[in-house]
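A short write-up of the structure that comes next.
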Amino acid sequence: MTDYFTVQNNKATRDGFGDGLYELGTQNKDVVGLCADLTESLKMTKFRKEFPDRFVQVGIAEANMMGISAGLTIGGKIPFTGTFANFSTGRVYDQIRQSIAYSGKNVKICASHAGVTLGEDGATHQILEDMGLMKMLPGMVVINPCDYNQTKAATIAIAKYKGPVYLRFGRPSVPNFTPVDQEFEIGKAVLMKEGADVSIFCTGHLVWKSLEASKQLEEKGISAEVINVHTIKPLDKDAVLTSVSKTKCVVTAEEHQMNGGLGDSIAQLLGKVMPTPIEMVAVNDSFGESGKPEELMQKYGLGTIDVVNAVSRVLARKK
């Protein structure tokens, strides 16, 4: 089994998107980039410089960007839109619903600066509802990779998928620990660590936190199974049920609202098929605030210790 506990370096997941998009540009002439005045922040600069005839700077006009992207697909292009996650979803939800999702357009909505790890820009920019908004749209794939390598692999993989995709990533440098040459499979969760006592289903920046938590739990004699659910929708139901049938209790961990996120999806599945004690590490019905990313993660209950404490609570309920 792959060793996921070794950090290669610290890199931002948005850099993985930028490098993946550039690589795609060299491979597929139908890949087009569009950005809403945030080219450097989205790390789309290399693509723009190398393929200027395949890059559209729409300016601060996100709704227009979604409409243009939908139109480009009619001519066989594969548009990748780029802006912050709050502008990629909340600001343009009507355009995504009507022009992209309803007709199943092959648009890749790529969203950076998600969650409280955006940091000092504060609550107005720290969207924590985006995955819920996107997963409720029929036919929309929702992906939330955990590090640079996985974000790059996911960016390349979604170009081959026919249909709308929401790809979420972040601003800060975080541990980069998944394989460089990994094969990213949409809808297929990744077993990071085997365990017998509790299943930890995690996504995005909380994958590394969950791996750290599993080490602390092991010191306490608790065997935690850690599963990276990079695809929120479609959910890998088989991976969830296989693990839970063994451990009999669940913790979910995500940098998102508790309502509408990964935990909600897993709880819904288990409620129908396999009722199981579950605890959720997520933001509990709150907006964020300005602050340093790691301090905000701690304040809003998204740290390693919060995963450890959630495991303690669910194990007590399991007994």
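Naming scheme: A, B, ... for chains in displayed order of the structure tokens; residues 1 onward per chain; ligands 1 onward as shown.
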Worksheet item: Can you tell me, as a PyMOL selection string, what residues are no more than 7 Å from segment 206-218 of chain A when counting only C-alpha atoms, ignoring any on the same chain fewer than 5 positions away?
Response: chain A and resi 146+223-224+226+228+253-255+303-305+307-308
Worksheet entry | alpha helix (DSSP H) positions in segment 24-229 of chain A, given as number ranges by chain | A: 24-27, 45-50, 62-74, 85-88, 93-95, 130-135, 148-158, 206-219
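The coordinates place atom CA of Gly291 of chain A at 12.8 Å from atom CA of Pro172 of chain A.
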Worksheet entry | Of the listed residues A:Thr13, A:Asn284, A:Asn106, A:Thr73, that which approaches Asn149 of chain A most closely, counting only C-alpha atoms |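 Looking only at the distances to Asn149 of chain A, the closest residue turns out to be A:Thr13.
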Item to complete: Name all residues at most 7 Å from Ala101 of chain A (count only C-alpha atoms; drop same-chain ones fewer than 3 positions away) and give them as number ranges by chain.
Response: A: 96-98, 104-105, 137-140, 164
Worksheet item: Please, what distance in Å, to one decimal, runs between atom CA of Gly33 of chain A and atom CA of Gly18 of chain A?
Response: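 Interatomic distance, atom CA of Gly33 of chain A to atom CA of Gly18 of chain A: 10.5 Å.
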Fill in: Spatial neighbours of segment 123-132 of chain A, max dist 10 Å, only C-alpha atoms, sep filter under 3 positions, as a PyMOL selection string
chain A and resi 84-90+93+111+113-120+135-137+141-144+166-168+232-233+254-262+264-265+282-283+285-291
Could you write those residues out with N, CA and C atoms, as a compact mmCIF listing (two decimals), in the first residue's frame?
```
# COMPACT_ATOMS: atom_id res chain seq x y z
N PHE A 84 -12.44 32.77 -8.06
CA PHE A 84 -12.57 32.32 -6.68
C PHE A 84 -13.85 31.50 -6.51
N ALA A 85 -13.85 30.63 -5.51
CA ALA A 85 -14.97 29.70 -5.34
C ALA A 85 -16.29 30.40 -5.07
N ASN A 86 -16.25 31.52 -4.32
CA ASN A 86 -17.52 32.21 -4.06
C ASN A 86 -18.07 32.84 -5.33
N PHE A 87 -17.19 33.31 -6.21
CA PHE A 87 -17.63 33.88 -7.48
C PHE A 87 -17.99 32.79 -8.49
N SER A 88 -17.40 31.61 -8.32
CA SER A 88 -17.64 30.49 -9.24
C SER A 88 -18.98 29.81 -8.99
N THR A 89 -19.59 30.08 -7.84
CA THR A 89 -20.81 29.35 -7.47
C THR A 89 -21.94 30.30 -7.09
N GLY A 90 -21.80 30.93 -5.93
CA GLY A 90 -22.88 31.78 -5.43
C GLY A 90 -23.24 32.92 -6.35
N TYR A 93 -24.88 31.27 -9.77
CA TYR A 93 -25.63 30.01 -9.67
C TYR A 93 -26.71 29.90 -10.74
N ALA A 111 -12.49 26.32 -9.29
CA ALA A 111 -12.70 27.30 -8.24
C ALA A 111 -11.61 27.27 -7.19
N HIS A 113 -9.42 29.33 -3.82
CA HIS A 113 -9.64 30.14 -2.63
C HIS A 113 -10.92 29.74 -1.89
N ALA A 114 -11.20 28.45 -1.81
CA ALA A 114 -12.38 27.96 -1.10
C ALA A 114 -12.09 27.82 0.39
N GLY A 115 -13.13 27.91 1.21
CA GLY A 115 -13.00 27.63 2.63
C GLY A 115 -12.33 28.72 3.44
N VAL A 116 -12.19 28.46 4.75
CA VAL A 116 -11.59 29.45 5.64
C VAL A 116 -10.09 29.60 5.42
N THR A 117 -9.45 28.64 4.75
CA THR A 117 -8.01 28.76 4.49
C THR A 117 -7.70 29.87 3.49
N LEU A 118 -8.73 30.51 2.92
CA LEU A 118 -8.49 31.73 2.15
C LEU A 118 -7.85 32.77 3.04
N GLY A 119 -8.22 32.77 4.33
CA GLY A 119 -7.53 33.60 5.31
C GLY A 119 -8.04 35.01 5.45
N GLU A 120 -7.13 35.97 5.24
CA GLU A 120 -7.37 37.35 5.62
C GLU A 120 -8.47 38.05 4.82
N LYS A 135 -23.39 20.18 -5.70
CA LYS A 135 -23.82 18.77 -5.72
C LYS A 135 -25.33 18.64 -5.86
N MET A 136 -26.09 19.71 -5.55
CA MET A 136 -27.53 19.65 -5.71
C MET A 136 -27.96 19.79 -7.16
N LEU A 137 -27.07 20.23 -8.05
CA LEU A 137 -27.42 20.37 -9.45
C LEU A 137 -27.37 19.00 -10.14
N VAL A 141 -20.73 16.91 -11.50
CA VAL A 141 -19.68 16.21 -10.76
C VAL A 141 -18.99 17.21 -9.85
N VAL A 142 -18.70 16.82 -8.61
CA VAL A 142 -18.06 17.71 -7.64
C VAL A 142 -16.79 17.05 -7.11
N ILE A 143 -15.64 17.73 -7.30
CA ILE A 143 -14.34 17.16 -6.94
C ILE A 143 -13.59 18.12 -6.03
N ASN A 144 -12.99 17.59 -4.97
CA ASN A 144 -12.27 18.39 -3.97
C ASN A 144 -10.97 17.68 -3.59
N TYR A 166 -17.41 20.51 -11.28
CA TYR A 166 -16.97 21.56 -10.36
C TYR A 166 -15.71 21.06 -9.66
N LEU A 167 -14.60 21.74 -9.88
CA LEU A 167 -13.31 21.38 -9.28
C LEU A 167 -12.92 22.44 -8.27
N ARG A 168 -12.78 22.04 -7.02
CA ARG A 168 -12.53 22.97 -5.92
C ARG A 168 -11.11 22.83 -5.39
N ILE A 232 -16.90 14.23 -4.28
CA ILE A 232 -18.07 14.34 -3.42
C ILE A 232 -19.30 13.79 -4.14
N LYS A 233 -19.35 14.05 -5.44
CA LYS A 233 -20.44 13.53 -6.28
C LYS A 233 -19.87 13.19 -7.65
N GLU A 254 -14.22 17.81 6.69
CA GLU A 254 -14.22 18.65 5.49
C GLU A 254 -14.17 20.13 5.87
N GLU A 255 -13.60 20.93 4.98
CA GLU A 255 -13.56 22.39 5.15
C GLU A 255 -14.76 22.98 4.42
N HIS A 256 -15.92 22.81 5.02
CA HIS A 256 -17.19 23.15 4.38
C HIS A 256 -18.24 23.21 5.47
N GLN A 257 -19.40 23.79 5.16
CA GLN A 257 -20.50 23.74 6.11
C GLN A 257 -20.88 22.29 6.38
N MET A 258 -21.30 22.03 7.61
CA MET A 258 -21.79 20.70 7.95
C MET A 258 -23.02 20.36 7.09
N ASN A 259 -23.87 21.35 6.88
CA ASN A 259 -25.03 21.17 6.02
C ASN A 259 -24.60 21.16 4.55
N GLY A 260 -24.96 20.10 3.85
CA GLY A 260 -24.73 20.08 2.41
C GLY A 260 -23.40 19.55 1.92
N GLY A 261 -22.54 19.12 2.82
CA GLY A 261 -21.21 18.68 2.40
C GLY A 261 -21.06 17.18 2.31
N LEU A 262 -19.82 16.74 2.45
CA LEU A 262 -19.51 15.31 2.38
C LEU A 262 -20.23 14.53 3.48
N ASP A 264 -22.98 15.13 4.99
CA ASP A 264 -24.39 14.99 4.65
C ASP A 264 -24.62 13.84 3.67
N SER A 265 -23.77 13.76 2.66
CA SER A 265 -23.92 12.71 1.65
C SER A 265 -23.73 11.32 2.25
N ALA A 282 -16.75 19.71 10.63
CA ALA A 282 -17.09 20.67 9.59
C ALA A 282 -17.49 21.97 10.28
N VAL A 283 -17.70 23.02 9.51
CA VAL A 283 -18.14 24.30 10.08
C VAL A 283 -19.63 24.18 10.41
N ASP A 285 -22.78 25.77 10.80
CA ASP A 285 -23.76 26.84 10.58
C ASP A 285 -23.20 28.23 10.91
N SER A 286 -22.01 28.53 10.36
CA SER A 286 -21.34 29.78 10.67
C SER A 286 -20.60 30.32 9.45
N PHE A 287 -20.55 31.64 9.34
CA PHE A 287 -19.66 32.25 8.37
C PHE A 287 -18.25 32.29 8.95
N GLY A 288 -17.26 32.53 8.11
CA GLY A 288 -15.89 32.65 8.58
C GLY A 288 -15.58 34.07 9.03
N GLU A 289 -14.29 34.40 9.07
CA GLU A 289 -13.83 35.74 9.45
C GLU A 289 -12.40 35.91 8.98
N SER A 290 -11.89 37.11 9.06
CA SER A 290 -10.52 37.37 8.64
C SER A 290 -9.54 36.81 9.67
N GLY A 291 -8.47 36.20 9.18
CA GLY A 291 -7.47 35.65 10.08
C GLY A 291 -6.48 34.78 9.32
```
Worksheet item: Any idea what's packed within 12 Å of Thr242 of chain A, counting only C-alpha atoms, ignoring anything in its chain fewer than 2 positions away? Could you give it as an MDAnalysis selection string?
Response: chainID A and resid 189 191 194 196 199 225 227 236:240 244:249 270 273:274
Export, as a PDB file, in the first residue's frame, the selected residues with N, CA, C and O atoms.
```pdb
ATOM      1  N   ALA A 189     -12.968   6.675  -4.412  1.00  0.00           N
ATOM      2  CA  ALA A 189     -12.260   7.106  -3.212  1.00  0.00           C
ATOM      3  C   ALA A 189     -10.935   6.351  -3.069  1.00  0.00           C
ATOM      4  O   ALA A 189     -10.757   5.267  -3.628  1.00  0.00           O
ATOM      5  N   LEU A 191      -8.173   4.696  -0.460  1.00  0.00           N
ATOM      6  CA  LEU A 191      -7.865   4.207   0.883  1.00  0.00           C
ATOM      7  C   LEU A 191      -6.454   4.650   1.246  1.00  0.00           C
ATOM      8  O   LEU A 191      -5.478   4.216   0.631  1.00  0.00           O
ATOM      9  N   GLU A 194      -5.428   1.645   6.311  1.00  0.00           N
ATOM     10  CA  GLU A 194      -6.379   0.633   6.760  1.00  0.00           C
ATOM     11  C   GLU A 194      -6.546   0.695   8.277  1.00  0.00           C
ATOM     12  O   GLU A 194      -5.606   1.013   9.010  1.00  0.00           O
ATOM     13  N   ALA A 196      -9.503  -0.693  11.754  1.00  0.00           N
ATOM     14  CA  ALA A 196     -10.587  -1.593  12.135  1.00  0.00           C
ATOM     15  C   ALA A 196     -11.611  -0.979  13.073  1.00  0.00           C
ATOM     16  O   ALA A 196     -12.717  -1.495  13.204  1.00  0.00           O
ATOM     17  N   SER A 199     -14.057   4.509  10.760  1.00  0.00           N
ATOM     18  CA  SER A 199     -13.803   4.970   9.387  1.00  0.00           C
ATOM     19  C   SER A 199     -13.792   6.506   9.376  1.00  0.00           C
ATOM     20  O   SER A 199     -14.766   7.133   9.804  1.00  0.00           O
ATOM     21  N   GLU A 225      -9.339   3.834  10.031  1.00  0.00           N
ATOM     22  CA  GLU A 225      -9.246   3.704   8.573  1.00  0.00           C
ATOM     23  C   GLU A 225      -9.484   5.089   7.967  1.00  0.00           C
ATOM     24  O   GLU A 225     -10.500   5.724   8.256  1.00  0.00           O
ATOM     25  N   ILE A 227      -9.989   7.355   4.572  1.00  0.00           N
ATOM     26  CA  ILE A 227     -10.359   7.278   3.161  1.00  0.00           C
ATOM     27  C   ILE A 227     -10.517   8.677   2.596  1.00  0.00           C
ATOM     28  O   ILE A 227     -11.289   9.490   3.121  1.00  0.00           O
ATOM     29  N   ASP A 236     -18.514   7.528  -3.863  1.00  0.00           N
ATOM     30  CA  ASP A 236     -18.098   6.127  -3.974  1.00  0.00           C
ATOM     31  C   ASP A 236     -18.810   5.321  -2.878  1.00  0.00           C
ATOM     32  O   ASP A 236     -18.272   5.093  -1.787  1.00  0.00           O
ATOM     33  N   LYS A 237     -20.021   4.908  -3.165  1.00  0.00           N
ATOM     34  CA  LYS A 237     -20.846   4.213  -2.164  1.00  0.00           C
ATOM     35  C   LYS A 237     -20.224   2.897  -1.728  1.00  0.00           C
ATOM     36  O   LYS A 237     -20.283   2.525  -0.550  1.00  0.00           O
ATOM     37  N   ASP A 238     -19.620   2.181  -2.668  1.00  0.00           N
ATOM     38  CA  ASP A 238     -19.015   0.890  -2.330  1.00  0.00           C
ATOM     39  C   ASP A 238     -17.893   1.061  -1.313  1.00  0.00           C
ATOM     40  O   ASP A 238     -17.775   0.269  -0.370  1.00  0.00           O
ATOM     41  N   ALA A 239     -17.057   2.088  -1.501  1.00  0.00           N
ATOM     42  CA  ALA A 239     -15.952   2.329  -0.568  1.00  0.00           C
ATOM     43  C   ALA A 239     -16.476   2.656   0.822  1.00  0.00           C
ATOM     44  O   ALA A 239     -15.942   2.189   1.835  1.00  0.00           O
ATOM     45  N   VAL A 240     -17.531   3.450   0.878  1.00  0.00           N
ATOM     46  CA  VAL A 240     -18.121   3.820   2.165  1.00  0.00           C
ATOM     47  C   VAL A 240     -18.686   2.597   2.869  1.00  0.00           C
ATOM     48  O   VAL A 240     -18.362   2.314   4.033  1.00  0.00           O
ATOM     49  N   VAL A 244     -17.411   0.844   6.396  1.00  0.00           N
ATOM     50  CA  VAL A 244     -18.301   0.952   7.552  1.00  0.00           C
ATOM     51  C   VAL A 244     -18.807  -0.422   8.011  1.00  0.00           C
ATOM     52  O   VAL A 244     -19.028  -0.644   9.211  1.00  0.00           O
ATOM     53  N   SER A 245     -18.954  -1.347   7.087  1.00  0.00           N
ATOM     54  CA  SER A 245     -19.380  -2.691   7.483  1.00  0.00           C
ATOM     55  C   SER A 245     -18.344  -3.350   8.391  1.00  0.00           C
ATOM     56  O   SER A 245     -18.670  -4.248   9.167  1.00  0.00           O
ATOM     57  N   LYS A 246     -17.119  -2.864   8.321  1.00  0.00           N
ATOM     58  CA  LYS A 246     -16.036  -3.389   9.153  1.00  0.00           C
ATOM     59  C   LYS A 246     -15.913  -2.628  10.474  1.00  0.00           C
ATOM     60  O   LYS A 246     -15.809  -3.226  11.546  1.00  0.00           O
ATOM     61  N   THR A 247     -15.947  -1.296  10.401  1.00  0.00           N
ATOM     62  CA  THR A 247     -15.650  -0.481  11.587  1.00  0.00           C
ATOM     63  C   THR A 247     -16.881  -0.143  12.439  1.00  0.00           C
ATOM     64  O   THR A 247     -16.755   0.111  13.629  1.00  0.00           O
ATOM     65  N   LYS A 248     -18.035  -0.060  11.804  1.00  0.00           N
ATOM     66  CA  LYS A 248     -19.310   0.189  12.503  1.00  0.00           C
ATOM     67  C   LYS A 248     -19.463   1.591  13.070  1.00  0.00           C
ATOM     68  O   LYS A 248     -20.404   1.864  13.824  1.00  0.00           O
ATOM     69  N   CYS A 249     -18.577   2.522  12.725  1.00  0.00           N
ATOM     70  CA  CYS A 249     -18.775   3.915  13.116  1.00  0.00           C
ATOM     71  C   CYS A 249     -17.962   4.822  12.205  1.00  0.00           C
ATOM     72  O   CYS A 249     -16.975   4.395  11.597  1.00  0.00           O
ATOM     73  N   LEU A 270     -25.854   6.145   4.585  1.00  0.00           N
ATOM     74  CA  LEU A 270     -25.907   5.206   5.702  1.00  0.00           C
ATOM     75  C   LEU A 270     -27.311   5.117   6.297  1.00  0.00           C
ATOM     76  O   LEU A 270     -27.741   4.047   6.726  1.00  0.00           O
ATOM     77  N   VAL A 273     -29.141   2.675   4.035  1.00  0.00           N
ATOM     78  CA  VAL A 273     -28.628   1.319   3.830  1.00  0.00           C
ATOM     79  C   VAL A 273     -28.069   0.671   5.091  1.00  0.00           C
ATOM     80  O   VAL A 273     -28.270  -0.527   5.332  1.00  0.00           O
ATOM     81  N   MET A 274     -27.374   1.464   5.925  1.00  0.00           N
ATOM     82  CA  MET A 274     -26.638   0.887   7.040  1.00  0.00           C
ATOM     83  C   MET A 274     -26.554   1.901   8.186  1.00  0.00           C
ATOM     84  O   MET A 274     -25.519   2.537   8.379  1.00  0.00           O
TER      85      MET A 274
END
```
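Residues surrounding Pro145 of chain A within 6 Å are Gln150, Thr151, Gly204 and His230 of chain A [only C-alpha atoms; sequence separation below 5 positions excluded].
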Item to complete: From segment 129-299 of chain A, collect each residue whose DSSP state is strand (DSSP E) and return the set as a VMD selection string.
Response: chain A and resid 141 to 143 165 to 168 173 to 176 190 to 193 198 to 202 224 to 228 231 to 233 250 to 257 278 to 283
Write to file, as a short mmCIF file (atom, residue, chain, number, x, y, z; two decimals), in the first residue's frame, the residues of the selection just made, with N, CA and C atoms.
```cif
data_model
loop_
_atom_site.label_atom_id
_atom_site.label_comp_id
_atom_site.auth_asym_id
_atom_site.auth_seq_id
_atom_site.Cartn_x
_atom_site.Cartn_y
_atom_site.Cartn_z
N VAL A 141 -20.73 16.91 -11.50
CA VAL A 141 -19.68 16.21 -10.76
C VAL A 141 -18.99 17.21 -9.85
N VAL A 142 -18.70 16.82 -8.61
CA VAL A 142 -18.06 17.71 -7.64
C VAL A 142 -16.79 17.05 -7.11
N ILE A 143 -15.64 17.73 -7.30
CA ILE A 143 -14.34 17.16 -6.94
C ILE A 143 -13.59 18.12 -6.03
N VAL A 165 -18.39 19.78 -14.59
CA VAL A 165 -17.61 19.40 -13.41
C VAL A 165 -17.31 20.65 -12.59
N TYR A 166 -17.41 20.51 -11.28
CA TYR A 166 -16.97 21.56 -10.36
C TYR A 166 -15.71 21.06 -9.66
N LEU A 167 -14.60 21.74 -9.88
CA LEU A 167 -13.31 21.38 -9.28
C LEU A 167 -12.92 22.44 -8.27
N ARG A 168 -12.78 22.04 -7.02
CA ARG A 168 -12.53 22.97 -5.92
C ARG A 168 -11.11 22.83 -5.39
N SER A 173 -0.27 27.11 0.86
CA SER A 173 0.63 25.97 0.68
C SER A 173 0.32 24.95 1.76
N VAL A 174 0.12 23.70 1.34
CA VAL A 174 -0.23 22.61 2.27
C VAL A 174 0.64 21.41 1.95
N PRO A 175 0.71 20.42 2.85
CA PRO A 175 1.51 19.23 2.57
C PRO A 175 1.12 18.57 1.25
N ASN A 176 2.13 18.21 0.48
CA ASN A 176 1.96 17.51 -0.80
C ASN A 176 2.45 16.09 -0.59
N VAL A 190 -10.02 6.95 -2.30
CA VAL A 190 -8.68 6.38 -2.13
C VAL A 190 -8.48 5.96 -0.67
N LEU A 191 -8.17 4.70 -0.46
CA LEU A 191 -7.87 4.21 0.88
C LEU A 191 -6.45 4.65 1.25
N MET A 192 -6.33 5.51 2.24
CA MET A 192 -5.04 6.06 2.64
C MET A 192 -4.38 5.22 3.73
N LYS A 193 -5.21 4.67 4.62
CA LYS A 193 -4.70 3.88 5.74
C LYS A 193 -5.79 2.89 6.16
N VAL A 198 -12.67 2.58 13.40
CA VAL A 198 -13.46 3.72 12.97
C VAL A 198 -13.08 4.08 11.54
N SER A 199 -14.06 4.51 10.76
CA SER A 199 -13.80 4.97 9.39
C SER A 199 -13.79 6.51 9.38
N ILE A 200 -12.70 7.10 8.89
CA ILE A 200 -12.62 8.55 8.73
C ILE A 200 -12.69 8.86 7.24
N PHE A 201 -13.78 9.47 6.82
CA PHE A 201 -13.94 9.87 5.42
C PHE A 201 -13.65 11.37 5.35
N CYS A 202 -12.64 11.73 4.57
CA CYS A 202 -12.17 13.11 4.57
C CYS A 202 -11.98 13.61 3.14
N ALA A 224 -7.64 3.53 13.09
CA ALA A 224 -8.53 4.33 12.23
C ALA A 224 -8.27 4.06 10.76
N GLU A 225 -9.34 3.83 10.03
CA GLU A 225 -9.25 3.70 8.57
C GLU A 225 -9.48 5.09 7.97
N VAL A 226 -8.57 5.55 7.13
CA VAL A 226 -8.66 6.88 6.54
C VAL A 226 -8.90 6.75 5.04
N ILE A 227 -9.99 7.35 4.57
CA ILE A 227 -10.36 7.28 3.16
C ILE A 227 -10.52 8.68 2.60
N ASN A 228 -9.77 8.95 1.54
CA ASN A 228 -9.81 10.25 0.86
C ASN A 228 -10.94 10.25 -0.16
N THR A 231 -13.92 12.82 -4.63
CA THR A 231 -15.11 13.10 -5.43
C THR A 231 -16.33 13.07 -4.51
N ILE A 232 -16.90 14.23 -4.28
CA ILE A 232 -18.07 14.34 -3.42
C ILE A 232 -19.30 13.79 -4.14
N LYS A 233 -19.35 14.05 -5.44
CA LYS A 233 -20.44 13.53 -6.28
C LYS A 233 -19.87 13.19 -7.65
N VAL A 250 -18.38 6.10 12.12
CA VAL A 250 -17.87 7.00 11.07
C VAL A 250 -17.58 8.39 11.60
N VAL A 251 -16.49 8.97 11.10
CA VAL A 251 -16.22 10.40 11.24
C VAL A 251 -16.00 10.96 9.84
N THR A 252 -16.63 12.09 9.54
CA THR A 252 -16.36 12.78 8.28
C THR A 252 -15.64 14.09 8.58
N ALA A 253 -14.78 14.53 7.66
CA ALA A 253 -13.98 15.73 7.90
C ALA A 253 -13.84 16.53 6.61
N GLU A 254 -14.22 17.81 6.69
CA GLU A 254 -14.22 18.65 5.49
C GLU A 254 -14.17 20.13 5.87
N GLU A 255 -13.60 20.93 4.98
CA GLU A 255 -13.56 22.39 5.15
C GLU A 255 -14.76 22.98 4.42
N HIS A 256 -15.92 22.81 5.02
CA HIS A 256 -17.19 23.15 4.38
C HIS A 256 -18.24 23.21 5.47
N GLN A 257 -19.40 23.79 5.16
CA GLN A 257 -20.50 23.74 6.11
C GLN A 257 -20.88 22.29 6.38
N ILE A 278 -22.37 8.45 13.57
CA ILE A 278 -21.53 9.32 12.75
C ILE A 278 -21.31 10.65 13.45
N GLU A 279 -20.08 11.16 13.36
CA GLU A 279 -19.73 12.49 13.83
C GLU A 279 -19.12 13.25 12.65
N MET A 280 -19.41 14.56 12.58
CA MET A 280 -18.93 15.36 11.44
C MET A 280 -18.01 16.48 11.91
N VAL A 281 -16.82 16.52 11.33
CA VAL A 281 -15.90 17.63 11.54
C VAL A 281 -16.10 18.57 10.35
N ALA A 282 -16.75 19.71 10.63
CA ALA A 282 -17.09 20.67 9.59
C ALA A 282 -17.49 21.97 10.28
N VAL A 283 -17.70 23.02 9.51
CA VAL A 283 -18.14 24.30 10.08
C VAL A 283 -19.63 24.18 10.41
#
```
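Comparing A:Ala154, A:Ile109, A:Ala159, A:Val56 by their smallest distance to Glu183 of chain A, the closest is A:Ala154 (using only C-alpha atoms).
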